[in-house]
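Structure file data_34.txt (compact mmCIF, C-alpha atoms and all ligand atoms) is printed below.
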# COMPACT_ATOMS: atom_id res chain seq x y z
CA MET A 1 -10.09 10.35 7.67
CA ASN A 2 -7.24 7.88 7.18
CA GLU A 3 -4.90 9.65 9.60
CA GLU A 4 -3.41 6.67 11.49
CA ALA A 5 0.07 8.23 11.31
CA GLY A 6 -0.94 11.38 13.18
CA ILE A 7 -4.14 10.80 15.11
CA GLY A 8 -2.51 9.39 18.27
CA ALA A 9 0.03 12.20 18.60
CA VAL A 10 -2.64 14.84 17.92
CA ILE A 11 -4.93 13.46 20.65
CA ASP A 12 -1.96 13.24 23.07
CA SER A 13 -1.00 16.84 22.34
CA VAL A 14 -4.55 18.08 22.94
CA GLN A 15 -4.86 16.13 26.20
CA ASN A 16 -1.45 17.37 27.40
CA ALA A 17 -2.29 20.95 26.51
CA LEU A 18 -5.48 20.93 28.59
CA LYS A 19 -4.14 18.90 31.52
CA GLY A 20 -4.09 20.90 34.76
CA THR A 21 -5.95 23.85 33.22
CA GLU A 22 -9.34 25.24 34.24
CA PHE A 23 -10.97 23.56 31.22
CA ASP A 24 -12.76 20.20 31.01
CA LEU A 25 -11.92 18.36 27.79
CA GLU A 26 -13.95 16.26 25.37
CA VAL A 27 -12.12 15.03 22.24
CA LEU A 28 -14.30 14.30 19.21
CA ILE A 29 -12.96 12.57 16.11
CA VAL A 30 -15.28 12.73 13.13
CA ASP A 31 -14.41 9.83 10.89
CA THR A 32 -15.37 9.23 7.28
CA ARG A 33 -14.95 5.50 6.96
CA SER A 34 -11.18 5.34 7.47
CA LYS A 35 -9.62 2.22 6.00
CA ASP A 36 -6.68 2.28 8.39
CA ARG A 37 -6.32 2.20 12.20
CA THR A 38 -7.47 5.81 12.78
CA THR A 39 -10.64 4.99 14.72
CA GLU A 40 -9.00 2.20 16.72
CA ILE A 41 -6.18 4.48 17.87
CA ALA A 42 -8.61 7.32 18.64
CA ARG A 43 -10.76 5.06 20.84
CA GLU A 44 -7.68 3.70 22.63
CA LYS A 45 -6.72 7.27 23.48
CA GLY A 46 -10.15 7.92 24.99
CA ALA A 47 -11.61 10.07 22.20
CA ILE A 48 -15.25 9.86 21.13
CA VAL A 49 -15.39 8.62 17.55
CA ILE A 50 -18.33 9.85 15.47
CA ASP A 51 -19.10 7.98 12.28
CA GLU A 52 -19.94 10.36 9.40
CA PRO A 53 -20.04 8.41 6.12
CA ARG A 54 -20.77 11.49 3.98
CA ARG A 55 -17.51 12.74 2.44
CA GLY A 56 -16.19 16.21 3.06
CA TYR A 57 -14.15 18.31 5.45
CA GLY A 58 -17.01 20.76 6.04
CA ARG A 59 -19.55 17.98 6.49
CA ALA A 60 -17.34 16.35 9.12
CA TYR A 61 -17.01 19.58 11.10
CA LYS A 62 -20.73 20.36 11.00
CA THR A 63 -21.46 16.88 12.34
CA GLY A 64 -18.85 17.38 15.06
CA PHE A 65 -20.31 20.73 16.13
CA GLU A 66 -23.76 19.13 16.53
CA ARG A 67 -22.28 16.55 18.88
CA ALA A 68 -19.95 18.78 20.92
CA SER A 69 -21.16 19.16 24.49
CA GLY A 70 -18.81 21.90 25.73
CA ASP A 71 -19.18 25.69 25.66
CA ILE A 72 -16.00 26.19 23.63
CA VAL A 73 -15.04 24.32 20.46
CA ALA A 74 -11.44 24.07 19.19
CA THR A 75 -10.65 22.49 15.82
CA LEU A 76 -7.50 20.86 14.45
CA ASP A 77 -6.46 18.63 11.55
CA ALA A 78 -5.49 15.11 12.61
CA ASP A 79 -2.06 15.45 11.00
CA CYS A 80 0.21 17.12 13.64
CA THR A 81 0.34 20.44 11.75
CA TYR A 82 -1.43 22.69 14.27
CA PRO A 83 -0.12 23.72 17.74
CA ALA A 84 -2.51 22.13 20.25
CA GLU A 85 -0.65 23.92 23.06
CA GLU A 86 -2.31 27.15 21.90
CA ILE A 87 -5.84 25.84 22.63
CA PRO A 88 -6.01 27.01 26.28
CA VAL A 89 -4.30 30.29 25.37
CA LEU A 90 -6.89 30.99 22.65
CA ALA A 91 -9.80 29.82 24.82
CA ARG A 92 -8.72 32.31 27.52
CA MET A 93 -8.37 35.01 24.88
CA LEU A 94 -12.05 34.50 23.97
CA GLU A 95 -13.00 35.42 27.53
CA LEU A 96 -10.39 38.13 28.15
CA GLU A 97 -11.09 40.00 24.92
CA GLY A 98 -14.83 39.35 24.78
CA LEU A 99 -14.58 37.45 21.49
CA ASP A 100 -16.88 34.84 19.95
CA PHE A 101 -14.62 33.37 17.25
CA ILE A 102 -10.85 33.13 16.80
CA THR A 103 -9.20 31.91 13.62
CA THR A 104 -5.45 31.49 13.24
CA ASN A 105 -2.78 32.72 10.82
CA ARG A 106 -0.28 30.01 9.93
CA PHE A 107 1.90 32.33 7.85
CA ALA A 108 3.14 33.99 11.04
CA ASN A 109 5.45 31.07 11.84
CA ILE A 110 5.55 28.37 9.22
CA GLU A 111 7.99 25.46 9.36
CA LYS A 112 10.04 24.88 6.17
CA GLY A 113 8.24 22.40 3.91
CA ALA A 114 4.94 22.62 5.84
CA MET A 115 3.10 24.12 2.86
CA SER A 116 3.70 23.40 -0.83
CA PHE A 117 4.19 26.22 -3.33
CA GLU A 118 0.80 25.49 -4.98
CA HIS A 119 -0.94 25.35 -1.63
CA ASN A 120 0.65 28.63 -0.52
CA LEU A 121 -0.19 30.42 -3.80
CA GLY A 122 -3.74 29.04 -3.78
CA ASN A 123 -4.22 30.29 -0.24
CA LYS A 124 -3.05 33.81 -1.20
CA VAL A 125 -5.45 33.93 -4.18
CA LEU A 126 -8.38 32.64 -2.07
CA THR A 127 -7.63 35.02 0.81
CA LEU A 128 -7.48 38.02 -1.56
CA THR A 129 -10.69 36.94 -3.35
CA MET A 130 -12.45 36.58 0.01
CA ASP A 131 -11.33 40.09 1.00
CA ILE A 132 -12.48 41.63 -2.31
CA LEU A 133 -15.87 39.88 -2.29
CA PHE A 134 -16.69 39.99 1.43
CA HIS A 135 -14.34 42.62 2.94
CA VAL A 136 -13.05 40.15 5.49
CA ARG A 137 -9.48 41.30 6.06
CA ILE A 138 -7.49 38.32 7.37
CA ARG A 139 -4.19 36.75 6.27
CA ASP A 140 -5.04 33.03 6.16
CA SER A 141 -8.46 32.12 4.78
CA GLN A 142 -7.67 28.37 4.83
CA SER A 143 -6.45 27.82 8.38
CA GLY A 144 -8.23 24.89 10.02
CA MET A 145 -7.60 25.88 13.63
CA TRP A 146 -10.48 27.85 15.17
CA VAL A 147 -11.52 28.38 18.77
CA PHE A 148 -15.04 29.66 19.37
CA HIS A 149 -18.12 29.66 21.55
CA LYS A 150 -20.41 26.85 20.46
CA ALA A 151 -23.39 29.14 21.04
CA ILE A 152 -22.57 31.04 17.81
CA VAL A 153 -23.08 28.00 15.55
CA PRO A 154 -26.85 28.53 14.98
CA LYS A 155 -26.12 32.11 13.86
CA LEU A 156 -23.74 30.96 11.12
CA ASP A 157 -25.11 29.96 7.74
CA ILE A 158 -22.57 27.32 6.73
CA THR A 159 -23.59 25.74 3.43
CA SER A 160 -20.35 24.13 2.24
CA ASP A 161 -19.61 20.48 2.98
CA GLY A 162 -16.16 20.63 1.41
CA MET A 163 -12.84 22.39 1.98
CA ALA A 164 -14.58 25.74 1.27
CA MET A 165 -16.24 25.44 4.66
CA SER A 166 -12.96 26.72 6.12
CA GLU A 167 -13.33 30.13 4.45
CA GLU A 168 -17.12 30.12 4.89
CA ILE A 169 -16.99 29.82 8.69
CA LYS A 170 -14.62 32.81 8.72
CA ILE A 171 -16.84 34.92 6.42
CA GLU A 172 -19.90 34.14 8.52
CA SER A 173 -18.13 34.76 11.83
CA PHE A 174 -16.44 37.99 10.83
CA LYS A 175 -19.77 39.31 9.48
CA LYS A 176 -21.96 38.22 12.38
CA VAL A 177 -20.03 37.83 15.63
CA ARG A 178 -16.97 39.30 17.39
CA SER A 179 -14.02 37.71 15.59
CA LYS A 180 -10.25 37.95 15.44
CA GLU A 181 -7.29 36.31 13.64
CA VAL A 182 -4.33 35.31 15.82
CA PRO A 183 -0.82 34.19 14.66
CA ILE A 184 0.25 30.58 15.31
CA ALA A 185 2.97 28.13 14.26
CA TYR A 186 2.32 25.60 11.47
CA ARG A 187 4.27 22.34 11.12
CA ARG A 188 4.92 19.69 8.49
CA ARG A 189 2.21 17.16 7.99
CA VAL A 190 2.36 13.52 9.12
CA GLY A 191 0.54 11.08 6.79
CA GLU A 192 -1.03 11.66 3.40
CA VAL A 193 -2.65 14.93 2.33
CA LYS A 194 -6.39 14.78 1.53
CA LEU A 195 -6.61 18.17 -0.13
CA SER A 196 -6.07 18.51 -3.87
CA SER A 197 -4.52 21.99 -4.35
CA TRP A 198 -5.92 22.68 -7.84
CA LYS A 199 -9.25 20.86 -7.66
CA ASP A 200 -10.16 22.15 -4.19
CA GLY A 201 -8.65 25.59 -4.95
CA LEU A 202 -10.85 26.05 -8.03
CA SER A 203 -13.94 24.75 -6.32
CA ASN A 204 -13.24 27.16 -3.41
CA ILE A 205 -13.08 30.11 -5.86
CA ARG A 206 -16.37 29.05 -7.44
CA PHE A 207 -17.87 28.72 -3.99
CA LEU A 208 -16.81 32.27 -3.02
CA PHE A 209 -18.49 33.78 -6.11
CA SER A 210 -21.69 31.78 -5.66
CA LYS A 211 -21.88 32.71 -1.95
CA ARG A 212 -21.35 36.36 -2.87
CA LYS A 213 -24.30 36.16 -5.28
CA SER A 214 -26.62 34.70 -2.65
CA TYR A 215 -25.42 37.31 -0.10
CA ARG A 216 -26.58 40.08 -2.43
CA LYS A 217 -30.03 38.50 -2.63
N1 LIG A 301 -13.84 13.04 8.43
C1 LIG A 301 -13.28 13.57 7.35
N2 LIG A 301 -12.12 14.23 7.44
C2 LIG A 301 -11.58 14.76 6.31
C3 LIG A 301 -12.20 14.65 5.04
N3 LIG A 301 -11.39 15.29 4.14
C4 LIG A 301 -10.33 15.76 4.82
N4 LIG A 301 -10.43 15.44 6.13
C5 LIG A 301 -9.54 15.79 7.22
O1 LIG A 301 -9.46 17.19 7.29
C6 LIG A 301 -8.15 17.61 7.66
C7 LIG A 301 -7.62 18.56 6.61
O2 LIG A 301 -7.22 17.86 5.44
P1 LIG A 301 -5.70 17.94 4.92
O3 LIG A 301 -5.46 16.87 3.95
O4 LIG A 301 -4.83 17.96 6.13
O5 LIG A 301 -5.66 19.33 4.15
P2 LIG A 301 -4.73 20.56 4.43
O6 LIG A 301 -4.56 20.78 5.90
O7 LIG A 301 -5.29 21.69 3.66
O8 LIG A 301 -3.35 20.16 3.82
P3 LIG A 301 -1.93 20.02 4.61
O9 LIG A 301 -1.51 21.43 4.97
O10 LIG A 301 -1.02 19.38 3.64
O11 LIG A 301 -2.18 19.20 5.83
C8 LIG A 301 -7.35 16.33 7.88
O12 LIG A 301 -7.35 15.98 9.24
C9 LIG A 301 -8.11 15.29 7.05
O13 LIG A 301 -7.97 13.99 7.53
C10 LIG A 301 -13.46 13.94 4.99
O14 LIG A 301 -14.08 13.77 3.94
N5 LIG A 301 -13.94 13.43 6.15
MG MG A 302 -3.82 19.36 7.29
Since I need it in another form, could you write the structure as structure tokens?
Ligand SMILES: Nc1nc2c(ncn2[C@@H]2O[C@H](COP(=O)(O)OP(=O)(O)OP(=O)(O)O)[C@@H](O)[C@H]2O)c(=O)[nH]1
Ligand SMILES: [Mg+2]
Amino acid sequence: MNEEAGIGAVIDSVQNALKGTEFDLEVLIVDTRSKDRTTEIAREKGAIVIDEPRRGYGRAYKTGFERASGDIVATLDADCTYPAEEIPVLARMLELEGLDFITTNRFANIEKGAMSFEHNLGNKVLTLTMDILFHVRIRDSQSGMWVFHKAIVPKLDITSDGMAMSEEIKIESFKKVRSKEVPIAYRRRVGEVKLSSWKDGLSNIRFLFSKRKSYRK
């Protein structure tokens, strides 16, 4: 959504990463009524643009998963922060290690200035809370780069339409299917941030407690 500064380079990096590999590629861009040139650039690059007017990071991903036609799904922000070159490596890891879901740990190799102090602190609090409430022991509960078999989607009960969907897909996957966290590099963002550290952080905490309550039931 409104990622004209990064969308072209992100699509290029995904296409370059998959070129000459054993994988066929389909690039889906889920757009929430961008007011800039995001969709135009995405179409020029050959991506399929899906219109999803309902706001929310989680909503956009769920819509994208419904439309994906491949066996393996890989996710990335449209802001040049995630290493697209790792997609084939992680997709092969799924097969080699018999995994269903891979999430990534950005703290392993983070470029200076790629994450604000508030964002970093918020992530630590959310990751610890997730571990205490759900016993999911990973380092980065908010990473938005996942590689997984699309066949697992119906098994996952993903209720959040917002930023909390990022931690929810990890909770569901680590509880229900064979999952692993893998270190990656994380780079500075291009374009404007959509996340509000405090507002989204607090709503993520509330989400974790309310999901824990419904889990008990
Ligand atoms: N389609 C759609 N995309 C969204 C929406 N909200 C956020 N996004 C996208 O989701 C991705 C993650 O949002 P960011 O603003 O990058 O949040 P973040 O990655 O936590 O923050 P940074 O580390 O600063 O990039 C970006 O590609 C956004 O454009 C939405 O309502 N609809
Ligand atoms: Mg981002």
For ligand MG 302 (chain A), list the contacting residues at 10 Å or closer, counting all atoms listed in the file, as a PyMOL selection string.
-> chain A and resi 76-82+114-115+143-145+186-195
Counting all atoms listed in the file, which of A:Glu26, A:Glu172, A:Asp140, A:Glu40 gets nearest to Asp100 of chain A?
->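 When distances to Asp100 of chain A are compared using all atoms listed in the file, the smallest one comes from A:Glu172.
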Closest of A:Leu25, A:Ile87, A:Leu99, A:Ala42 to Ile7 of chain A, counting all atoms listed in the file, is A:Ala42
- Query: So which one's closest to ligand LIG 301 (chain A), A:Phe101, A:Phe23, A:Phe117, A:Phe209? Using all atoms listed in the file, please.
  - Reply: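 Closest residue, counting all atoms listed in the file: A:Phe117.
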Between atom C9 of ligand LIG 301 (chain A) and atom CA of Ala84 of chain A lies a distance of 15.9 Å
Item checked: atom CA of Phe207 of chain A to atom CA of Phe107 of chain A, straight-line distance in Å ->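 Between atom CA of Phe107 of chain A and atom CA of Phe207 of chain A the gap is 23.3 Å.
Atom CA of Thr38 of chain A lies 8.2 Å from atom CA of Gly8 of chain A.
Considering all atoms listed in the file, the residue among A:Ile138, A:Met165, A:Ala151, A:Val30 positioned nearest to Gly70 of chain A is A:Ala151.
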Surrounding residues of segment 48-62 of chain A excluding itself and chain neighbours under 2 positions, 10 Å, only C-alpha atoms, as a short mmCIF file (atom, residue, chain, number, x, y, z; two decimals) with C-alpha atoms, keeping the file's coordinate frame:
data_model
loop_
_atom_site.label_atom_id
_atom_site.label_comp_id
_atom_site.auth_asym_id
_atom_site.auth_seq_id
_atom_site.Cartn_x
_atom_site.Cartn_y
_atom_site.Cartn_z
CA MET A 1 -10.09 10.35 7.67
CA GLU A 26 -13.95 16.26 25.37
CA VAL A 27 -12.12 15.03 22.24
CA LEU A 28 -14.30 14.30 19.21
CA ILE A 29 -12.96 12.57 16.11
CA VAL A 30 -15.28 12.73 13.13
CA ASP A 31 -14.41 9.83 10.89
CA THR A 32 -15.37 9.23 7.28
CA ARG A 33 -14.95 5.50 6.96
CA SER A 34 -11.18 5.34 7.47
CA THR A 38 -7.47 5.81 12.78
CA THR A 39 -10.64 4.99 14.72
CA GLU A 40 -9.00 2.20 16.72
CA ALA A 42 -8.61 7.32 18.64
CA ARG A 43 -10.76 5.06 20.84
CA GLU A 44 -7.68 3.70 22.63
CA LYS A 45 -6.72 7.27 23.48
CA GLY A 46 -10.15 7.92 24.99
CA GLY A 64 -18.85 17.38 15.06
CA PHE A 65 -20.31 20.73 16.13
CA GLU A 66 -23.76 19.13 16.53
CA ARG A 67 -22.28 16.55 18.88
CA THR A 75 -10.65 22.49 15.82
CA ASP A 77 -6.46 18.63 11.55
CA GLY A 144 -8.23 24.89 10.02
CA VAL A 153 -23.08 28.00 15.55
CA ILE A 158 -22.57 27.32 6.73
CA THR A 159 -23.59 25.74 3.43
CA SER A 160 -20.35 24.13 2.24
CA ASP A 161 -19.61 20.48 2.98
CA GLY A 162 -16.16 20.63 1.41
CA MET A 163 -12.84 22.39 1.98
CA ALA A 164 -14.58 25.74 1.27
CA MET A 165 -16.24 25.44 4.66
CA SER A 166 -12.96 26.72 6.12
CA GLU A 168 -17.12 30.12 4.89
CA ILE A 169 -16.99 29.82 8.69
CA LYS A 194 -6.39 14.78 1.53
CA LEU A 195 -6.61 18.17 -0.13
#
Mind checking which residues fall within 12 Å of Val89 of chain A, counting all atoms listed in the file, ignoring those fewer than 3 positions away in the same chain, and posting them as a PDB file with C-alpha atoms, keeping the file's coordinate frame?
ATOM      1  CA  ALA A  17      -2.290  20.950  26.510  1.00  0.00           C
ATOM      2  CA  LEU A  18      -5.480  20.930  28.590  1.00  0.00           C
ATOM      3  CA  THR A  21      -5.950  23.850  33.220  1.00  0.00           C
ATOM      4  CA  GLU A  22      -9.340  25.240  34.240  1.00  0.00           C
ATOM      5  CA  PHE A  23     -10.970  23.560  31.220  1.00  0.00           C
ATOM      6  CA  ALA A  74     -11.440  24.070  19.190  1.00  0.00           C
ATOM      7  CA  PRO A  83      -0.120  23.720  17.740  1.00  0.00           C
ATOM      8  CA  ALA A  84      -2.510  22.130  20.250  1.00  0.00           C
ATOM      9  CA  GLU A  85      -0.650  23.920  23.060  1.00  0.00           C
ATOM     10  CA  GLU A  86      -2.310  27.150  21.900  1.00  0.00           C
ATOM     11  CA  ARG A  92      -8.720  32.310  27.520  1.00  0.00           C
ATOM     12  CA  MET A  93      -8.370  35.010  24.880  1.00  0.00           C
ATOM     13  CA  LEU A  94     -12.050  34.500  23.970  1.00  0.00           C
ATOM     14  CA  GLU A  95     -13.000  35.420  27.530  1.00  0.00           C
ATOM     15  CA  LEU A  96     -10.390  38.130  28.150  1.00  0.00           C
ATOM     16  CA  GLU A  97     -11.090  40.000  24.920  1.00  0.00           C
ATOM     17  CA  ILE A 102     -10.850  33.130  16.800  1.00  0.00           C
ATOM     18  CA  VAL A 147     -11.520  28.380  18.770  1.00  0.00           C
ATOM     19  CA  VAL A 182      -4.330  35.310  15.820  1.00  0.00           C
ATOM     20  CA  PRO A 183      -0.820  34.190  14.660  1.00  0.00           C
ATOM     21  CA  ILE A 184       0.250  30.580  15.310  1.00  0.00           C
TER      22      ILE A 184
END
inquiry  = Distance cut-off 9 Å, centre (1.6, 4.4, 11.6) in file coordinates, counting all atoms listed in the file: which residues qualify? Return them as a VMD selection string.
reply    = chain A and resid 3 to 6 37 191
Using all atoms listed in the file for the distances, tell me which of A:Lys124, A:Ser116, A:Leu202, A:Gly20 is nearest to ligand LIG 301 (chain A).
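Counting all atoms listed in the file, the residue closest to ligand LIG 301 (chain A) is A:Ser116.
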